[in-house]
Amino acid sequence: MRGMHMHMKDDVAAQLPSPHAGSGTGWQPASVPEPEWMLMRGGWELMAHGVIFADYNQQGGPRGEGKAESVNWGMTMEQHGLGRGTILFRQMFSAESLTSPHPGFPELFQTGETYHGAPLVDHQHPHNVFAELSALYLLPLSKKISWELYGGPAAEPALGPVTYIHRTSASELPLAPLGHHLQDSTHTSFGVVTTGFVIERVKLEVSAFNGREPNEQRWSIQPAALDSYSGRVSVAPARDWTAQYSVGRLEHPEAAEPGSQWRQTASVEYDRHLAAGNWATSLVWGRVHKIATGANLNGYLLESTLNFLRRDYAFTRLESVDKDELFP
């Protein structure tokens, strides 16, 4: 992704202390490496990148199972100048509905969404075929301030950290965090409009979006009213650091549960370039307050991936997560 903003106007690039927008409009540290293909044609920057994991996933015990599966996604991007600003179109696709069809990936203690109308437990659902279809426009208003406008039929509101499938700290660990539905599950929302301002190293954003989780038809786009909303403050104090705090109200997010939710998240991401690799670490907190019952669920995550000797990786993830759906 290093070339993503390479050819933007200098004054626009100056407004992007963390140019590696890993998902939606979220910020990762500017030092994050992200290999991609890039091609220049007629003033357009054309970019593509993605991942494919092929594995056998064995979850033990009486609740577990084994499954041959593939976690995968691909993204294409097109960027061009528009007036005094820059526009970026982004499309992300996944074949997981074929490579790990419902009920999805075996994962003990995972919860969220439904299968055959019942809450999905001990499995992580496959991602949607159309995981993102969005556009981002950035317009410099002055030397230190830019205006941002983002959205699309499948996009990510300004709520939560960079989602785990794009976080460098989780780049070699395909399993979703157990706190996914407390932290970053809105990364595919079918209807999003976000606007905000970048003020030097700070970004302020608000979003209106469809807060309902996608249904079991992973190949379809499911538009609904933009009846949920969120706000996020992001900071990039240095090239190797970013942090964010966000809060949002989600209207009827879970099909199997009545009522709406308040969600709060906070996160810090650190990335350090090494002579023959990279080290990325994230600390994430998410809380869901269920309005109908008054219940609070918290999820805490620490994850890290070390890339050394160029092609070797070591990774870890530690979590403490509240769950209220594991048992009937």
# chains A, B, ... in the order shown; residues from 1 in each chain; ligands from 1
>>> residues_around(residues="segment 99-115 of chain A", least_positions_apart="3", cutoff="8 Å", atoms="only C-alpha atoms", output="count of residues only")
36
>>> closest_atom_pairs(of="segment 274-318 of chain A", to="segment 143-161 of chain A", cutoff="12 Å", atoms="only C-alpha atoms", output="tab-separated table")
residue	atom	partner	partner_atom	distance
A:Ser282	CA	A:Pro161	CA	9.4
A:Leu283	CA	A:Pro161	CA	9.7
A:Val284	CA	A:Pro161	CA	7.5
A:Trp285	CA	A:Gly160	CA	9.1
A:Gly286	CA	A:Gly160	CA	7.9
A:Arg287	CA	A:Gly160	CA	10.4
A:Val288	CA	A:Gly160	CA	11.7
A:Leu301	CA	A:Pro161	CA	11.6
>>> write_last_selection(atoms="N, CA and C atoms", output="mmCIF file, in the first residue's frame")
data_model
loop_
_atom_site.group_PDB
_atom_site.id
_atom_site.type_symbol
_atom_site.label_atom_id
_atom_site.label_comp_id
_atom_site.auth_asym_id
_atom_site.auth_seq_id
_atom_site.Cartn_x
_atom_site.Cartn_y
_atom_site.Cartn_z
ATOM 1 N N SER A 282 -1.455 -4.774 18.449
ATOM 2 C CA SER A 282 -2.690 -4.027 18.688
ATOM 3 C C SER A 282 -3.254 -4.384 20.059
ATOM 4 N N LEU A 283 -3.778 -3.378 20.733
ATOM 5 C CA LEU A 283 -4.510 -3.537 21.989
ATOM 6 C C LEU A 283 -5.900 -2.967 21.750
ATOM 7 N N VAL A 284 -6.944 -3.785 21.955
ATOM 8 C CA VAL A 284 -8.310 -3.399 21.592
ATOM 9 C C VAL A 284 -9.258 -3.689 22.750
ATOM 10 N N TRP A 285 -10.161 -2.748 23.025
ATOM 11 C CA TRP A 285 -11.263 -2.952 23.970
ATOM 12 C C TRP A 285 -12.567 -2.623 23.273
ATOM 13 N N GLY A 286 -13.578 -3.453 23.528
ATOM 14 C CA GLY A 286 -14.909 -3.177 23.010
ATOM 15 C C GLY A 286 -15.952 -3.505 24.056
ATOM 16 N N ARG A 287 -17.004 -2.706 24.117
ATOM 17 C CA ARG A 287 -18.105 -2.954 25.057
ATOM 18 C C ARG A 287 -19.424 -2.794 24.330
ATOM 19 N N VAL A 288 -20.336 -3.746 24.574
ATOM 20 C CA VAL A 288 -21.702 -3.667 24.074
ATOM 21 C C VAL A 288 -22.641 -3.548 25.266
ATOM 22 N N LEU A 301 -8.510 -7.462 23.976
ATOM 23 C CA LEU A 301 -7.671 -8.213 23.037
ATOM 24 C C LEU A 301 -6.274 -7.610 22.979
#
>>> select_by_dssp(residues="segment 133-315 of chain A", states="alpha helix (DSSP H)", output="PyMOL selection string")
chain A and resi 180-183
>>> residues_around(residues="Tyr229 of chain A", least_positions_apart="2", cutoff="8 Å", atoms="only C-alpha atoms", output="mmCIF file with all heavy atoms, in the first residue's frame")
data_model
loop_
_atom_site.group_PDB
_atom_site.id
_atom_site.type_symbol
_atom_site.label_atom_id
_atom_site.label_comp_id
_atom_site.auth_asym_id
_atom_site.auth_seq_id
_atom_site.Cartn_x
_atom_site.Cartn_y
_atom_site.Cartn_z
ATOM 1 N N VAL A 206 -18.155 11.147 11.774
ATOM 2 C CA VAL A 206 -19.472 10.666 12.175
ATOM 3 C C VAL A 206 -20.046 9.845 11.019
ATOM 4 O O VAL A 206 -19.756 10.109 9.846
ATOM 5 C CB VAL A 206 -20.428 11.824 12.531
ATOM 6 C CG1 VAL A 206 -19.965 12.540 13.788
ATOM 7 C CG2 VAL A 206 -20.575 12.805 11.374
ATOM 8 N N SER A 207 -20.862 8.846 11.365
ATOM 9 C CA SER A 207 -21.440 7.959 10.358
ATOM 10 C C SER A 207 -22.918 7.737 10.624
ATOM 11 O O SER A 207 -23.368 7.689 11.779
ATOM 12 C CB SER A 207 -20.751 6.593 10.372
ATOM 13 O OG SER A 207 -19.415 6.665 9.961
ATOM 14 N N ALA A 208 -23.682 7.584 9.548
ATOM 15 C CA ALA A 208 -25.031 7.027 9.586
ATOM 16 C C ALA A 208 -24.972 5.728 8.787
ATOM 17 O O ALA A 208 -24.396 5.690 7.692
ATOM 18 C CB ALA A 208 -26.041 7.996 8.975
ATOM 19 N N PHE A 209 -25.550 4.653 9.340
ATOM 20 C CA PHE A 209 -25.383 3.359 8.670
ATOM 21 C C PHE A 209 -26.513 2.403 9.044
ATOM 22 O O PHE A 209 -27.295 2.652 9.969
ATOM 23 C CB PHE A 209 -24.025 2.743 9.007
ATOM 24 C CG PHE A 209 -23.812 2.418 10.471
ATOM 25 C CD1 PHE A 209 -23.959 1.123 10.951
ATOM 26 C CD2 PHE A 209 -23.448 3.411 11.376
ATOM 27 C CE1 PHE A 209 -23.766 0.817 12.289
ATOM 28 C CE2 PHE A 209 -23.236 3.120 12.718
ATOM 29 C CZ PHE A 209 -23.402 1.820 13.178
ATOM 30 N N LEU A 226 -30.763 3.723 7.107
ATOM 31 C CA LEU A 226 -29.560 4.149 7.831
ATOM 32 C C LEU A 226 -29.990 4.689 9.190
ATOM 33 O O LEU A 226 -29.944 5.891 9.466
ATOM 34 C CB LEU A 226 -28.805 5.211 7.024
ATOM 35 C CG LEU A 226 -28.450 4.855 5.575
ATOM 36 C CD1 LEU A 226 -27.596 5.957 4.957
ATOM 37 C CD2 LEU A 226 -27.750 3.519 5.479
ATOM 38 N N ASP A 227 -30.401 3.767 10.067
ATOM 39 C CA ASP A 227 -30.991 4.151 11.342
ATOM 40 C C ASP A 227 -30.028 4.034 12.519
ATOM 41 O O ASP A 227 -30.420 4.236 13.667
ATOM 42 C CB ASP A 227 -32.246 3.317 11.615
ATOM 43 C CG ASP A 227 -31.979 1.813 11.557
ATOM 44 O OD1 ASP A 227 -30.804 1.415 11.396
ATOM 45 O OD2 ASP A 227 -32.943 1.032 11.665
ATOM 46 N N GLY A 231 -19.675 7.821 16.055
ATOM 47 C CA GLY A 231 -18.648 8.850 15.948
ATOM 48 C C GLY A 231 -17.310 8.283 16.379
ATOM 49 O O GLY A 231 -17.249 7.376 17.222
ATOM 50 N N GLY A 248 -21.134 4.164 19.226
ATOM 51 C CA GLY A 248 -22.231 4.145 18.271
ATOM 52 C C GLY A 248 -23.451 3.437 18.823
ATOM 53 O O GLY A 248 -23.358 2.634 19.761
ATOM 54 N N ARG A 249 -24.585 3.760 18.247
ATOM 55 C CA ARG A 249 -25.842 3.065 18.570
ATOM 56 C C ARG A 249 -26.237 2.228 17.360
ATOM 57 O O ARG A 249 -26.367 2.756 16.247
ATOM 58 C CB ARG A 249 -26.951 4.047 18.924
ATOM 59 C CG ARG A 249 -28.278 3.340 19.262
ATOM 60 C CD ARG A 249 -29.381 4.326 19.597
ATOM 61 N NE ARG A 249 -30.671 3.647 19.681
ATOM 62 C CZ ARG A 249 -31.369 3.495 20.805
ATOM 63 N NH1 ARG A 249 -30.884 3.967 21.948
ATOM 64 N NH2 ARG A 249 -32.550 2.886 20.801
ATOM 65 N N LEU A 250 -26.445 0.925 17.576
ATOM 66 C CA LEU A 250 -26.808 -0.009 16.527
ATOM 67 C C LEU A 250 -28.250 -0.436 16.739
ATOM 68 O O LEU A 250 -28.599 -0.975 17.798
ATOM 69 C CB LEU A 250 -25.899 -1.245 16.546
ATOM 70 C CG LEU A 250 -24.468 -1.077 16.025
ATOM 71 C CD1 LEU A 250 -23.620 -0.247 16.976
ATOM 72 C CD2 LEU A 250 -23.817 -2.441 15.812
#
>>> closest_residue(among="A:Asn128, A:Ser134, A:Gln222, A:Thr168", to="Ala280 of chain A", atoms="only C-alpha atoms")
A:Thr168
>>> residues_around(residues="segment 302-304 of chain A", least_positions_apart="2", cutoff="9 Å", atoms="only C-alpha atoms", output="count of residues only")
17
>>> select_by_dssp(residues="segment 137-270 of chain A", states="strand (DSSP E or B)", output="PyMOL selection string")
chain A and resi 137-140+145-155+189+192-199+202-209+228-238+241-250+261-270
>>> closest_residue(among="A:Gly50, A:Gly24, A:Pro33, A:Gly60", to="Ala135 of chain A", atoms="only C-alpha atoms")
A:Gly24
